[in-house]
file my_file-v5.cif (mmCIF, C-alpha atoms)
data_query
loop_
_atom_site.label_atom_id
_atom_site.label_comp_id
_atom_site.auth_asym_id
_atom_site.auth_seq_id
_atom_site.Cartn_x
_atom_site.Cartn_y
_atom_site.Cartn_z
CA MET A 8 53.88 102.68 70.78
CA THR A 9 55.50 99.55 72.17
CA ALA A 10 55.86 98.72 75.85
CA ALA A 11 59.61 99.27 75.54
CA ALA A 12 59.03 102.87 74.43
CA VAL A 13 56.77 103.71 77.36
CA PRO A 14 58.52 105.14 80.45
CA ALA A 15 58.90 102.50 83.12
CA GLN A 16 56.92 104.51 85.68
CA ARG A 17 53.87 104.52 83.39
CA LEU A 18 53.81 100.75 83.04
CA GLY A 19 51.70 98.63 85.35
CA LEU A 20 53.29 96.40 87.95
CA ARG A 21 52.33 93.27 86.05
CA THR A 22 53.90 94.57 82.85
CA ARG A 23 57.08 95.62 84.63
CA LEU A 24 57.39 92.21 86.24
CA LEU A 25 56.82 90.51 82.90
CA LEU A 26 59.50 92.64 81.24
CA ALA A 27 61.93 91.95 84.07
CA TRP A 28 61.20 88.24 83.72
CA LEU A 29 61.79 88.23 79.95
CA ARG A 30 65.00 90.25 80.28
CA SER A 31 66.49 88.09 83.03
CA PRO A 32 69.08 85.44 82.10
CA PRO A 33 67.68 81.97 81.35
CA ALA A 34 69.54 80.51 84.32
CA VAL A 35 67.77 82.92 86.67
CA ARG A 36 64.36 82.00 85.27
CA VAL A 37 65.12 78.29 85.59
CA LEU A 38 66.18 78.77 89.22
CA VAL A 39 62.97 80.69 89.96
CA VAL A 40 60.89 77.84 88.54
CA TYR A 41 63.00 75.34 90.47
CA ALA A 42 62.48 77.25 93.73
CA LEU A 43 58.72 77.52 93.21
CA ALA A 44 58.54 73.82 92.37
CA ARG A 45 60.41 72.96 95.57
CA VAL A 46 58.01 75.07 97.61
CA PHE A 47 55.13 73.16 96.01
CA SER A 48 56.76 69.81 96.85
CA ALA A 49 57.41 70.93 100.42
CA ILE A 50 53.78 71.97 100.90
CA VAL A 51 52.56 68.62 99.55
CA LEU A 52 54.96 66.66 101.79
CA ALA A 53 54.01 68.71 104.85
CA GLU A 54 50.33 68.13 104.11
CA VAL A 55 50.86 64.40 103.65
CA ALA A 56 52.69 64.33 107.01
CA ARG A 57 49.43 65.28 108.72
CA PHE A 58 48.02 61.86 107.79
CA GLN A 59 51.10 59.79 108.67
CA VAL A 60 50.56 57.17 111.35
CA ALA A 61 53.03 56.47 114.15
CA SER A 62 55.89 54.08 113.38
CA THR A 63 59.39 53.31 114.61
CA TRP A 64 60.57 55.95 112.15
CA THR A 65 58.27 58.86 112.92
CA PRO A 66 55.63 59.86 115.44
CA ALA A 67 52.04 60.27 114.35
CA HIS A 68 51.56 63.43 112.29
CA PRO A 69 55.30 64.14 112.01
CA GLY A 70 56.81 67.41 110.87
CA TYR A 71 58.34 68.16 107.49
CA GLY A 72 61.85 67.41 108.77
CA ASP A 73 60.81 63.97 110.01
CA MET A 74 59.38 63.12 106.60
CA LEU A 75 62.71 63.86 104.93
CA GLY A 76 64.32 60.86 106.62
CA LEU A 77 62.09 58.05 105.33
CA TRP A 78 62.98 55.08 103.15
CA ASP A 79 66.46 55.07 101.57
CA ALA A 80 67.40 58.20 103.52
CA THR A 81 67.85 55.99 106.58
CA TRP A 82 70.63 54.08 104.84
CA TYR A 83 72.34 57.29 103.74
CA ARG A 84 72.09 58.58 107.31
CA ARG A 85 73.90 55.47 108.53
CA ILE A 86 76.63 55.99 105.95
CA ALA A 87 77.04 59.67 106.85
CA GLU A 88 77.12 59.00 110.59
CA THR A 89 78.92 55.66 110.94
CA GLY A 90 80.25 54.65 107.51
CA TYR A 91 80.01 51.18 105.99
CA PRO A 92 80.09 47.74 107.67
CA SER A 93 83.45 46.00 107.50
CA ALA A 94 81.82 42.73 106.44
CA VAL A 95 78.70 41.64 104.58
CA PRO A 96 75.98 41.12 107.25
CA LEU A 97 74.64 37.56 107.26
CA GLY A 98 71.49 36.05 108.73
CA ALA A 99 71.22 33.03 111.01
CA THR A 100 71.14 30.71 107.99
CA GLY A 101 74.04 32.43 106.23
CA ASP A 102 71.87 34.44 103.83
CA VAL A 103 73.04 37.97 102.95
CA GLN A 104 71.14 40.73 104.76
CA GLN A 105 70.27 44.21 103.57
CA SER A 106 72.98 46.72 104.44
CA ALA A 107 74.50 50.07 103.54
CA LEU A 108 76.90 48.37 101.10
CA ALA A 109 74.21 48.61 98.43
CA PHE A 110 74.22 52.43 98.61
CA TYR A 111 76.77 54.72 97.01
CA PRO A 112 78.92 57.04 99.15
CA LEU A 113 79.33 60.46 97.51
CA ALA A 114 75.99 62.06 98.50
CA PRO A 115 76.05 61.02 102.19
CA PHE A 116 79.71 62.01 102.45
CA LEU A 117 78.86 65.44 101.02
CA ALA A 118 76.15 65.72 103.67
CA ARG A 119 78.87 65.50 106.30
CA LEU A 120 79.97 69.04 105.39
CA PRO A 121 76.78 70.81 106.58
CA MET A 122 76.61 68.31 109.44
CA LEU A 123 79.84 69.90 110.74
CA LEU A 124 77.74 72.99 111.42
CA GLY A 125 75.51 70.99 113.73
CA LEU A 126 72.71 70.16 111.29
CA PRO A 127 71.09 66.73 111.59
CA PHE A 128 71.59 64.44 108.61
CA THR A 129 68.06 64.87 107.23
CA TRP A 130 68.50 68.61 106.81
CA ALA A 131 72.14 68.35 105.71
CA GLY A 132 71.27 65.75 103.09
CA SER A 133 68.31 67.84 101.98
CA ILE A 134 70.61 70.83 101.41
CA VAL A 135 72.93 68.70 99.28
CA SER A 136 69.99 67.48 97.18
CA LEU A 137 68.53 70.99 96.79
CA VAL A 138 71.79 72.54 95.65
CA ALA A 139 72.65 69.66 93.32
CA GLY A 140 69.14 69.73 91.86
CA ALA A 141 69.44 73.45 91.16
CA VAL A 142 72.75 72.88 89.37
CA ALA A 143 71.17 70.05 87.38
CA ALA A 144 68.15 72.18 86.40
CA VAL A 145 70.33 74.95 84.99
CA GLY A 146 72.52 72.34 83.32
CA VAL A 147 69.52 70.67 81.67
CA HIS A 148 68.56 73.99 80.08
CA THR A 149 72.11 74.61 78.84
CA LEU A 150 72.56 71.04 77.60
CA VAL A 151 69.31 70.86 75.63
CA LEU A 152 69.74 74.40 74.29
CA ARG A 153 73.13 73.49 72.84
CA ALA A 154 71.87 70.20 71.39
CA LEU A 155 68.81 71.76 69.74
CA GLY A 156 70.72 74.88 68.70
CA GLU A 157 72.94 72.81 66.43
CA ARG A 158 70.00 71.20 64.62
CA SER A 159 67.10 73.68 64.67
CA THR A 160 66.32 77.39 64.71
CA PRO A 161 67.23 79.52 67.73
CA ALA A 162 63.54 79.96 68.60
CA VAL A 163 62.91 76.22 68.58
CA ALA A 164 66.07 75.62 70.63
CA ARG A 165 64.97 78.15 73.26
CA ARG A 166 61.49 76.63 73.51
CA GLY A 167 62.85 73.10 73.76
CA ALA A 168 65.45 73.98 76.39
CA TRP A 169 62.85 75.83 78.46
CA SER A 170 60.36 72.96 78.32
CA ALA A 171 63.06 70.42 79.27
CA ALA A 172 64.13 72.50 82.29
CA VAL A 173 60.59 73.24 83.46
CA LEU A 174 59.42 69.63 83.20
CA PHE A 175 62.59 68.56 84.98
CA CYS A 176 61.77 70.89 87.89
CA VAL A 177 58.13 69.77 88.21
CA SER A 178 58.65 66.08 87.49
CA PRO A 179 56.20 63.77 89.29
CA THR A 180 59.09 62.47 91.39
CA ALA A 181 60.86 65.82 91.88
CA LEU A 182 60.56 65.43 95.65
CA VAL A 183 63.91 63.62 95.38
CA PHE A 184 65.49 67.07 94.98
CA GLN A 185 64.76 67.87 98.63
CA VAL A 186 65.13 64.56 100.43
CA PRO A 187 68.55 62.99 101.22
CA TYR A 188 68.65 60.82 98.11
CA THR A 189 71.30 60.56 95.40
CA GLU A 190 69.25 61.65 92.37
CA GLY A 191 70.20 65.32 92.72
CA PRO A 192 74.00 64.85 92.83
CA ALA A 193 73.87 62.12 90.17
CA LEU A 194 71.80 64.26 87.79
CA ALA A 195 74.10 67.25 88.29
CA LEU A 196 77.13 65.12 87.43
CA LEU A 197 75.37 63.48 84.48
CA VAL A 198 74.45 66.85 83.00
CA VAL A 199 78.04 68.05 83.37
CA PHE A 200 79.35 64.84 81.80
CA LEU A 201 77.07 65.11 78.76
CA GLY A 202 77.97 68.79 78.43
CA CYS A 203 81.66 67.88 78.40
CA LEU A 204 81.00 65.43 75.58
CA GLN A 205 79.16 68.09 73.59
CA ARG A 206 82.16 70.42 73.94
CA ARG A 207 84.72 67.63 73.51
CA ARG A 208 86.22 68.34 76.92
CA TYR A 209 87.36 64.79 77.49
CA LEU A 210 89.69 65.08 80.48
CA PRO A 211 87.10 66.89 82.67
CA ALA A 212 84.60 64.25 81.54
CA VAL A 213 86.94 61.55 82.91
CA LEU A 214 86.80 63.06 86.40
CA VAL A 215 83.01 63.53 86.24
CA ALA A 216 82.49 59.93 85.10
CA LEU A 217 84.53 58.62 88.03
CA LEU A 218 82.59 60.79 90.49
CA LEU A 219 79.35 59.54 89.02
CA GLY A 220 80.64 56.01 89.57
CA VAL A 221 80.56 56.59 93.35
CA THR A 222 77.30 58.54 93.35
CA ARG A 223 74.63 56.29 91.91
CA PRO A 224 74.44 53.06 89.84
CA VAL A 225 73.85 54.86 86.54
CA ALA A 226 77.44 54.99 85.30
CA VAL A 227 77.24 51.78 83.25
CA PRO A 228 75.38 53.37 80.28
CA LEU A 229 78.01 56.12 80.07
CA SER A 230 80.36 53.91 78.07
CA VAL A 231 77.64 53.42 75.43
CA VAL A 232 77.22 57.19 75.14
CA VAL A 233 80.97 57.67 74.81
CA VAL A 234 81.21 55.00 72.09
CA VAL A 235 78.39 56.66 70.14
CA HIS A 236 79.96 60.10 70.55
CA LEU A 237 83.37 58.93 69.37
CA ALA A 238 81.88 56.95 66.47
CA VAL A 239 79.89 59.96 65.27
CA ARG A 240 82.90 62.23 65.65
CA GLY A 241 85.10 59.80 63.73
CA TRP A 242 82.52 59.46 60.95
CA ARG A 243 82.18 63.24 60.63
CA GLY A 244 85.94 63.63 60.73
CA ARG A 245 86.43 61.18 57.87
CA ARG A 246 83.82 62.99 55.80
CA ALA A 247 85.62 66.27 56.43
CA GLY A 248 89.03 64.73 55.82
CA ALA A 249 90.15 65.41 59.41
CA VAL A 250 92.15 62.92 61.48
CA LEU A 251 92.47 62.88 65.25
CA GLY A 252 95.85 63.93 66.55
CA GLY A 253 97.84 61.73 68.91
CA ARG A 254 96.94 63.67 72.04
CA GLU A 255 93.27 63.87 71.13
CA ALA A 256 93.13 60.15 70.37
CA LEU A 257 94.76 59.41 73.75
CA ARG A 258 92.16 61.58 75.54
CA CYS A 259 89.41 59.65 73.77
CA LEU A 260 90.88 56.33 74.89
CA VAL A 261 91.25 57.53 78.48
CA LEU A 262 87.64 58.71 78.49
CA LEU A 263 86.40 55.42 77.09
CA ALA A 264 88.34 53.49 79.75
CA ALA A 265 87.15 55.78 82.54
CA SER A 266 83.50 55.56 81.49
CA GLY A 267 83.72 51.78 81.53
CA ALA A 268 85.54 51.71 84.86
CA ALA A 269 83.03 54.08 86.46
CA GLY A 270 80.38 51.40 86.48
CA LEU A 271 82.69 49.04 88.37
CA LEU A 272 84.16 51.56 90.77
CA TRP A 273 81.77 51.20 93.70
CA PRO A 274 81.22 47.41 93.40
CA LEU A 275 85.00 46.97 93.60
CA ALA A 276 85.31 49.45 96.46
CA ALA A 277 82.49 47.74 98.37
CA GLY A 278 84.25 44.42 97.90
CA ARG A 279 87.42 45.84 99.34
CA ILE A 280 85.59 47.41 102.30
CA ALA A 281 83.74 44.21 103.16
CA HIS A 282 86.58 41.84 102.23
CA ARG A 283 84.31 39.99 99.82
CA LEU A 284 84.55 40.42 96.06
CA ASP A 285 80.80 40.16 95.43
CA ALA A 286 79.79 42.30 98.42
CA TYR A 287 77.83 44.80 96.34
CA THR A 288 75.95 42.39 94.08
CA ALA A 289 75.27 39.99 96.95
CA THR A 290 73.88 42.84 99.06
CA MET A 291 71.76 44.11 96.19
CA GLY A 292 70.34 40.61 95.90
CA ALA A 293 69.03 40.88 99.46
CA TRP A 294 66.31 43.20 98.13
CA ARG A 295 65.34 40.80 95.32
CA VAL A 296 63.00 37.86 95.29
CA GLY A 297 65.20 34.75 95.40
CA GLY A 298 68.09 36.65 96.98
CA GLN A 299 70.01 37.46 93.81
CA VAL A 300 70.11 39.95 90.95
CA GLU A 301 68.62 38.46 87.79
CA PHE A 302 68.94 40.05 84.37
CA LEU A 303 65.72 40.80 82.43
CA LYS A 304 63.71 38.16 84.28
CA PRO A 305 61.91 40.57 86.70
CA TRP A 306 60.45 42.59 83.80
CA TRP A 307 59.31 39.44 82.06
CA GLY A 308 57.73 38.13 85.23
CA ILE A 309 55.92 41.35 86.16
CA SER A 310 54.55 41.70 82.62
CA GLN A 311 53.07 38.21 82.90
CA TYR A 312 51.68 38.95 86.35
CA VAL A 313 49.97 42.19 85.26
CA LEU A 314 48.91 41.42 81.68
CA GLY A 315 48.93 37.65 81.33
CA ASP A 316 51.41 34.95 80.37
CA HIS A 317 51.36 35.75 76.65
CA ALA A 318 50.01 39.29 76.28
CA GLY A 319 52.38 40.67 78.91
CA PRO A 320 55.69 39.69 77.30
CA LEU A 321 54.38 40.60 73.82
CA LEU A 322 53.39 44.09 74.96
CA LEU A 323 56.69 44.46 76.82
CA VAL A 324 58.72 43.61 73.71
CA ALA A 325 56.48 45.81 71.54
CA GLY A 326 56.89 48.71 73.96
CA VAL A 327 60.67 48.40 74.05
CA LEU A 328 60.95 48.15 70.26
CA GLY A 329 58.52 51.04 69.81
CA TYR A 330 60.52 53.24 72.19
CA ALA A 331 63.78 52.40 70.41
CA ALA A 332 62.25 53.06 66.98
CA TRP A 333 60.84 56.40 68.12
CA LEU A 334 64.12 57.45 69.73
CA LEU A 335 66.01 56.60 66.54
CA SER A 336 63.48 58.39 64.30
CA ARG A 337 63.94 61.74 62.60
CA ARG A 338 61.65 63.43 65.13
CA THR A 339 64.14 62.95 67.96
CA ALA A 340 67.25 63.60 65.86
CA VAL A 341 67.29 67.20 67.11
CA LEU A 342 68.50 65.96 70.48
CA GLY A 343 71.82 64.94 68.99
CA PRO A 344 73.67 61.63 69.25
CA GLU A 345 74.79 62.01 72.88
CA LEU A 346 71.38 62.70 74.39
CA ARG A 347 69.63 60.11 72.26
CA ALA A 348 72.29 57.53 73.09
CA TRP A 349 71.86 58.25 76.79
CA CYS A 350 68.05 57.89 76.67
CA LEU A 351 68.38 54.60 74.81
CA ALA A 352 71.27 53.13 76.82
CA TYR A 353 69.76 54.11 80.16
CA VAL A 354 66.44 52.41 79.43
CA GLY A 355 68.35 49.34 78.26
CA TYR A 356 70.27 49.36 81.53
CA LEU A 357 67.04 49.60 83.56
CA LEU A 358 65.56 46.68 81.64
CA LEU A 359 68.68 44.63 82.25
CA VAL A 360 69.20 45.08 85.99
CA LEU A 361 66.15 46.71 87.57
CA ASP A 362 63.21 45.16 89.35
CA PRO A 363 60.16 47.15 88.16
CA PHE A 364 58.97 48.33 91.56
CA THR A 365 58.15 51.69 93.18
CA SER A 366 61.67 53.08 92.64
CA LEU A 367 61.17 52.88 88.87
CA PHE A 368 59.21 56.14 88.83
CA ARG A 369 62.04 58.22 90.25
CA TYR A 370 64.59 56.48 88.05
CA LEU A 371 62.76 57.83 85.00
CA ILE A 372 63.72 61.41 85.88
CA PHE A 373 67.10 60.63 84.28
CA LEU A 374 65.35 60.72 80.88
CA PHE A 375 65.16 64.51 81.16
CA PRO A 376 66.30 65.20 77.53
CA LEU A 377 62.93 63.95 76.29
CA GLY A 378 61.28 66.97 77.90
CA GLY A 379 62.87 69.12 75.21
CA LEU A 380 60.69 67.46 72.56
CA VAL A 381 57.47 68.83 74.06
CA ALA A 382 57.96 72.35 72.72
CA LEU A 383 59.37 71.68 69.26
CA ARG A 384 56.19 72.62 67.39
CA PRO A 385 54.83 76.17 67.04
CA ARG A 386 52.13 77.15 69.54
CA SER A 387 53.40 74.56 71.95
CA ARG A 388 52.84 76.71 75.05
CA PRO A 389 49.41 75.17 75.89
CA VAL A 390 50.94 71.70 75.50
CA LEU A 391 53.72 72.58 77.94
CA ARG A 392 51.22 73.97 80.42
CA ALA A 393 49.19 70.77 80.21
CA TRP A 394 52.32 68.70 80.88
CA VAL A 395 53.17 70.89 83.87
CA VAL A 396 49.68 70.52 85.36
CA CYS A 397 49.76 66.75 84.85
CA SER A 398 53.23 66.50 86.37
CA LEU A 399 52.24 68.46 89.48
CA ALA A 400 49.07 66.38 89.89
CA LEU A 401 51.07 63.17 89.59
CA GLN A 402 53.57 64.53 92.10
CA VAL A 403 50.76 64.86 94.64
CA VAL A 404 49.67 61.29 93.91
CA TRP A 405 53.22 59.93 94.15
CA ILE A 406 54.03 61.66 97.43
CA ALA A 407 50.70 60.75 99.01
CA TRP A 408 51.05 57.15 97.88
CA LEU A 409 54.68 56.47 98.76
CA TRP A 410 55.59 58.84 101.58
CA ARG A 411 52.34 58.32 103.50
CA PHE A 412 52.82 54.56 103.39
CA SER A 413 54.26 53.43 106.72
CA PRO A 414 57.52 51.48 106.39
CA PRO A 415 57.73 48.11 108.14
CA ALA A 416 58.67 48.42 111.80
CA ASP A 417 61.83 46.34 111.33
CA TRP A 418 63.06 48.17 108.21
CA PRO A 419 65.85 48.87 107.68
CA PRO A 420 67.18 45.85 109.57
#
call {"tool": "encode", "arguments": {"input": "my_file-v5.cif", "output": "structure tokens"}}
result
Amino acid sequence: MTAAAVPAQRLGLRTRLLLAWLRSPPAVRVLVVYALARVFSAIVLAEVARFQVASTWTPAHPGYGDMLGLWDATWYRRIAETGYPSAVPLGATGDVQQSALAFYPLAPFLARLPMLLGLPFTWAGSIVSLVAGAVAAVGVHTLVLRALGERSTPAVARRGAWSAAVLFCVSPTALVFQVPYTEGPALALLVVFLGCLQRRRYLPAVLVALLLGVTRPVAVPLSVVVVVHLAVRGWRGRRAGAVLGGREALRCLVLLAASGAAGLLWPLAAGRIAHRLDAYTATMGAWRVGGQVEFLKPWWGISQYVLGDHAGPLLLVAGVLGYAAWLLSRRTAVLGPELRAWCLAYVGYLLLVLDPFTSLFRYLIFLFPLGGLVALRPRSRPVLRAWVVCSLALQVVWIAWLWRFSPPADWPP
């Protein structure tokens, strides 16, 4: 006799809970995992707060709420409370100073809504991140399920979607889903954008791309994803003898233009706000060695610093080529052209513009589709569990390392 044939009252509590869990919709299960993961992150952050020393930002041994407002959250608080400066701040020698112009507006402006109820920014921004992260977690499951479902068996698709969502929730840097940062809103919008591409909903994708362009500086790789999507669709259409209609072709062109414009939207807006065309790039340069944004050079330099003048660059190039070859291999083909194009274009974008510093770790959470590859083989459950344990352990290390570190007394300026 199976468990399903046994009257519910004769089943043990554990069995009844297991059956309820298995029968619940996938979105509900993802949200349960997300909530448990956020409780874990909160406990770790509260424990780390016990060892925090006094600074101009927090008292000694601050509470959980005080810890939410560290680092970039201070800039977003300024934006939410007072907006942006009307000019690029300059030092005594005319050099550009760090300012809120380097930070995108959508997330702090959304935080103004709960602030109307009297909540301080740290809690208001945390609510925005929590809600957006929950939307993103459910969206990751749906997105990967659809991608794998078109190229594998239903069982493999379900396993892959579940592993992607779970690893997304417990990522080593998942604390960003409960501090007033922009990762949560940006990931929610990115998931919706990629889902629109999968379903060929181009006009909604235009709006999402533009919103992403004022949320976080990750909109630039979108145009690469759109080009790949349209190229694959055109190639498949020619093979099937189908031709795009006039309206559909126009939607494709509008989407391509919008995805390209999204990456320029905030830099142009910042220039208009500060009455200086290069306000955004000049302000970003204030965080860089030498006072300007340099393409590729920071990665080259850090590889030489860590691994040597010759071995470092060689290993860097080998790593990049190896990643690209793996992502273009048959093993990852199940992700589909859109998700693979995103994972490739996004890493290329990071290599082009990013300084490889502490922020790099949280930027990697945008490679969430790769989590779906963990569970593609049969009997992959122990592998997923091992990844979860490692992710949670690394989350403890990351929070203890970065959030316990006391910011400089004069930062932000």
call {"tool": "residues_around", "arguments": {"input": "my_file-v5.cif", "residues": "Pro179 (chain A)", "least_positions_apart": "3", "cutoff": "7 Å", "atoms": "only C-alpha atoms", "output": "list of chain:residue names"}}
result
A:Ser398, A:Leu399, A:Leu401, A:Gln402, A:Trp405
call {"tool": "closest_residue", "arguments": {"input": "my_file-v5.cif", "among": "A:Ala265, A:Val46, A:Leu126, A:Leu204", "to": "Arg240 (chain A)", "atoms": "only C-alpha atoms"}}
result
A:Leu204
call {"tool": "closest_residue", "arguments": {"input": "my_file-v5.cif", "among": "A:Leu328, A:Val404, A:Val231, A:Val198", "to": "Tyr356 (chain A)", "atoms": "only C-alpha atoms"}}
result
A:Val231
call {"tool": "resolve_selection", "arguments": {"input": "my_file-v5.cif", "expression": "the PyMOL selection byres ((chain A and resi 306) around 8)", "output": "PyMOL selection string"}}
result
chain A and resi 303-305+307-310+358+361-363
call {"tool": "closest_residue", "arguments": {"input": "my_file-v5.cif", "among": "A:Val39, A:Leu334, A:Leu237, A:Ala277", "to": "Leu263 (chain A)", "atoms": "all atoms listed in the file"}}
result
A:Leu237
call {"tool": "residues_around", "arguments": {"input": "my_file-v5.cif", "residues": "Arg384 (chain A)", "least_positions_apart": "4", "cutoff": "12 Å", "atoms": "all atoms listed in the file", "output": "VMD selection string"}}
result
chain A and resid 159 to 160 162 to 167 170 338 379 to 380 388 to 391
call {"tool": "resolve_selection", "arguments": {"input": "my_file-v5.cif", "expression": "the PyMOL selection byres ((chain A and resi 407) around 12)", "output": "list in words"}}
result
Ser48, Ile50, Val51, Leu52, Ala53, Glu54, Val55, Ala56, Arg57, Phe58, Gln59, Met74, Pro179, Thr180, Leu182, Ala400, Leu401, Gln402, Val403, Val404, Trp405, Ile406, Trp408, Leu409, Trp410, Arg411, Phe412 and Ser413 of chain A
call {"tool": "write_last_selection", "arguments": {"input": "my_file-v5.cif", "atoms": "C-alpha atoms", "output": "PDB file, keeping the file's coordinate frame"}}
result
ATOM      1  CA  SER A  48      56.760  69.810  96.850  1.00  0.00           C
ATOM      2  CA  ILE A  50      53.780  71.970 100.900  1.00  0.00           C
ATOM      3  CA  VAL A  51      52.560  68.620  99.550  1.00  0.00           C
ATOM      4  CA  LEU A  52      54.960  66.660 101.790  1.00  0.00           C
ATOM      5  CA  ALA A  53      54.010  68.710 104.850  1.00  0.00           C
ATOM      6  CA  GLU A  54      50.330  68.130 104.110  1.00  0.00           C
ATOM      7  CA  VAL A  55      50.860  64.400 103.650  1.00  0.00           C
ATOM      8  CA  ALA A  56      52.690  64.330 107.010  1.00  0.00           C
ATOM      9  CA  ARG A  57      49.430  65.280 108.720  1.00  0.00           C
ATOM     10  CA  PHE A  58      48.020  61.860 107.790  1.00  0.00           C
ATOM     11  CA  GLN A  59      51.100  59.790 108.670  1.00  0.00           C
ATOM     12  CA  MET A  74      59.380  63.120 106.600  1.00  0.00           C
ATOM     13  CA  PRO A 179      56.200  63.770  89.290  1.00  0.00           C
ATOM     14  CA  THR A 180      59.090  62.470  91.390  1.00  0.00           C
ATOM     15  CA  LEU A 182      60.560  65.430  95.650  1.00  0.00           C
ATOM     16  CA  ALA A 400      49.070  66.380  89.890  1.00  0.00           C
ATOM     17  CA  LEU A 401      51.070  63.170  89.590  1.00  0.00           C
ATOM     18  CA  GLN A 402      53.570  64.530  92.100  1.00  0.00           C
ATOM     19  CA  VAL A 403      50.760  64.860  94.640  1.00  0.00           C
ATOM     20  CA  VAL A 404      49.670  61.290  93.910  1.00  0.00           C
ATOM     21  CA  TRP A 405      53.220  59.930  94.150  1.00  0.00           C
ATOM     22  CA  ILE A 406      54.030  61.660  97.430  1.00  0.00           C
ATOM     23  CA  TRP A 408      51.050  57.150  97.880  1.00  0.00           C
ATOM     24  CA  LEU A 409      54.680  56.470  98.760  1.00  0.00           C
ATOM     25  CA  TRP A 410      55.590  58.840 101.580  1.00  0.00           C
ATOM     26  CA  ARG A 411      52.340  58.320 103.500  1.00  0.00           C
ATOM     27  CA  PHE A 412      52.820  54.560 103.390  1.00  0.00           C
ATOM     28  CA  SER A 413      54.260  53.430 106.720  1.00  0.00           C
TER      29      SER A 413
END
call {"tool": "residues_around", "arguments": {"input": "my_file-v5.cif", "residues": "Thr189 (chain A)", "least_positions_apart": "2", "cutoff": "10 Å", "atoms": "only C-alpha atoms", "output": "ChimeraX atom specification"}}
result
/A:79-80,83,110-115,132,135-136,139,183-184,186-187,191-194,222-224
call {"tool": "residues_around", "arguments": {"input": "my_file-v5.cif", "residues": "Leu322 (chain A)", "least_positions_apart": "3", "cutoff": "12 Å", "atoms": "all atoms listed in the file", "output": "ChimeraX atom specification"}}
result
/A:306-307,309-311,313-319,325-330
call {"tool": "decode", "arguments": {"input": "my_file-v5.cif", "residues": "region 30-43 of chain A", "atoms": "N, CA and C atoms", "output": "PDB file, in the first residue's frame"}}
result
ATOM      1  N   ARG A  30       3.384  18.364  -2.819  1.00  0.00           N
ATOM      2  CA  ARG A  30       2.178  18.733  -3.556  1.00  0.00           C
ATOM      3  C   ARG A  30       2.038  20.244  -3.729  1.00  0.00           C
ATOM      4  N   SER A  31       2.811  21.015  -3.007  1.00  0.00           N
ATOM      5  CA  SER A  31       2.707  22.474  -3.105  1.00  0.00           C
ATOM      6  C   SER A  31       3.281  22.965  -4.425  1.00  0.00           C
ATOM      7  N   PRO A  32       2.812  24.092  -4.930  1.00  0.00           N
ATOM      8  CA  PRO A  32       3.343  24.636  -6.190  1.00  0.00           C
ATOM      9  C   PRO A  32       4.832  24.954  -6.064  1.00  0.00           C
ATOM     10  N   PRO A  33       5.582  24.830  -7.161  1.00  0.00           N
ATOM     11  CA  PRO A  33       7.020  25.130  -7.108  1.00  0.00           C
ATOM     12  C   PRO A  33       7.322  26.526  -6.574  1.00  0.00           C
ATOM     13  N   ALA A  34       6.499  27.498  -6.929  1.00  0.00           N
ATOM     14  CA  ALA A  34       6.750  28.862  -6.466  1.00  0.00           C
ATOM     15  C   ALA A  34       6.689  28.946  -4.942  1.00  0.00           C
ATOM     16  N   VAL A  35       5.776  28.207  -4.338  1.00  0.00           N
ATOM     17  CA  VAL A  35       5.657  28.209  -2.881  1.00  0.00           C
ATOM     18  C   VAL A  35       6.902  27.607  -2.256  1.00  0.00           C
ATOM     19  N   ARG A  36       7.377  26.508  -2.823  1.00  0.00           N
ATOM     20  CA  ARG A  36       8.577  25.863  -2.270  1.00  0.00           C
ATOM     21  C   ARG A  36       9.803  26.773  -2.415  1.00  0.00           C
ATOM     22  N   VAL A  37       9.905  27.456  -3.537  1.00  0.00           N
ATOM     23  CA  VAL A  37      11.026  28.382  -3.730  1.00  0.00           C
ATOM     24  C   VAL A  37      10.968  29.497  -2.693  1.00  0.00           C
ATOM     25  N   LEU A  38       9.773  30.031  -2.450  1.00  0.00           N
ATOM     26  CA  LEU A  38       9.631  31.115  -1.474  1.00  0.00           C
ATOM     27  C   LEU A  38       9.949  30.646  -0.056  1.00  0.00           C
ATOM     28  N   VAL A  39       9.619  29.394   0.263  1.00  0.00           N
ATOM     29  CA  VAL A  39       9.960  28.851   1.578  1.00  0.00           C
ATOM     30  C   VAL A  39      11.479  28.781   1.738  1.00  0.00           C
ATOM     31  N   VAL A  40      12.156  28.273   0.704  1.00  0.00           N
ATOM     32  CA  VAL A  40      13.618  28.208   0.747  1.00  0.00           C
ATOM     33  C   VAL A  40      14.202  29.613   0.843  1.00  0.00           C
ATOM     34  N   TYR A  41      13.652  30.539   0.089  1.00  0.00           N
ATOM     35  CA  TYR A  41      14.125  31.920   0.122  1.00  0.00           C
ATOM     36  C   TYR A  41      13.978  32.511   1.521  1.00  0.00           C
ATOM     37  N   ALA A  42      12.817  32.282   2.153  1.00  0.00           N
ATOM     38  CA  ALA A  42      12.587  32.824   3.492  1.00  0.00           C
ATOM     39  C   ALA A  42      13.556  32.218   4.506  1.00  0.00           C
ATOM     40  N   LEU A  43      13.755  30.898   4.443  1.00  0.00           N
ATOM     41  CA  LEU A  43      14.687  30.247   5.365  1.00  0.00           C
ATOM     42  C   LEU A  43      16.114  30.757   5.151  1.00  0.00           C
TER      43      LEU A  43
END
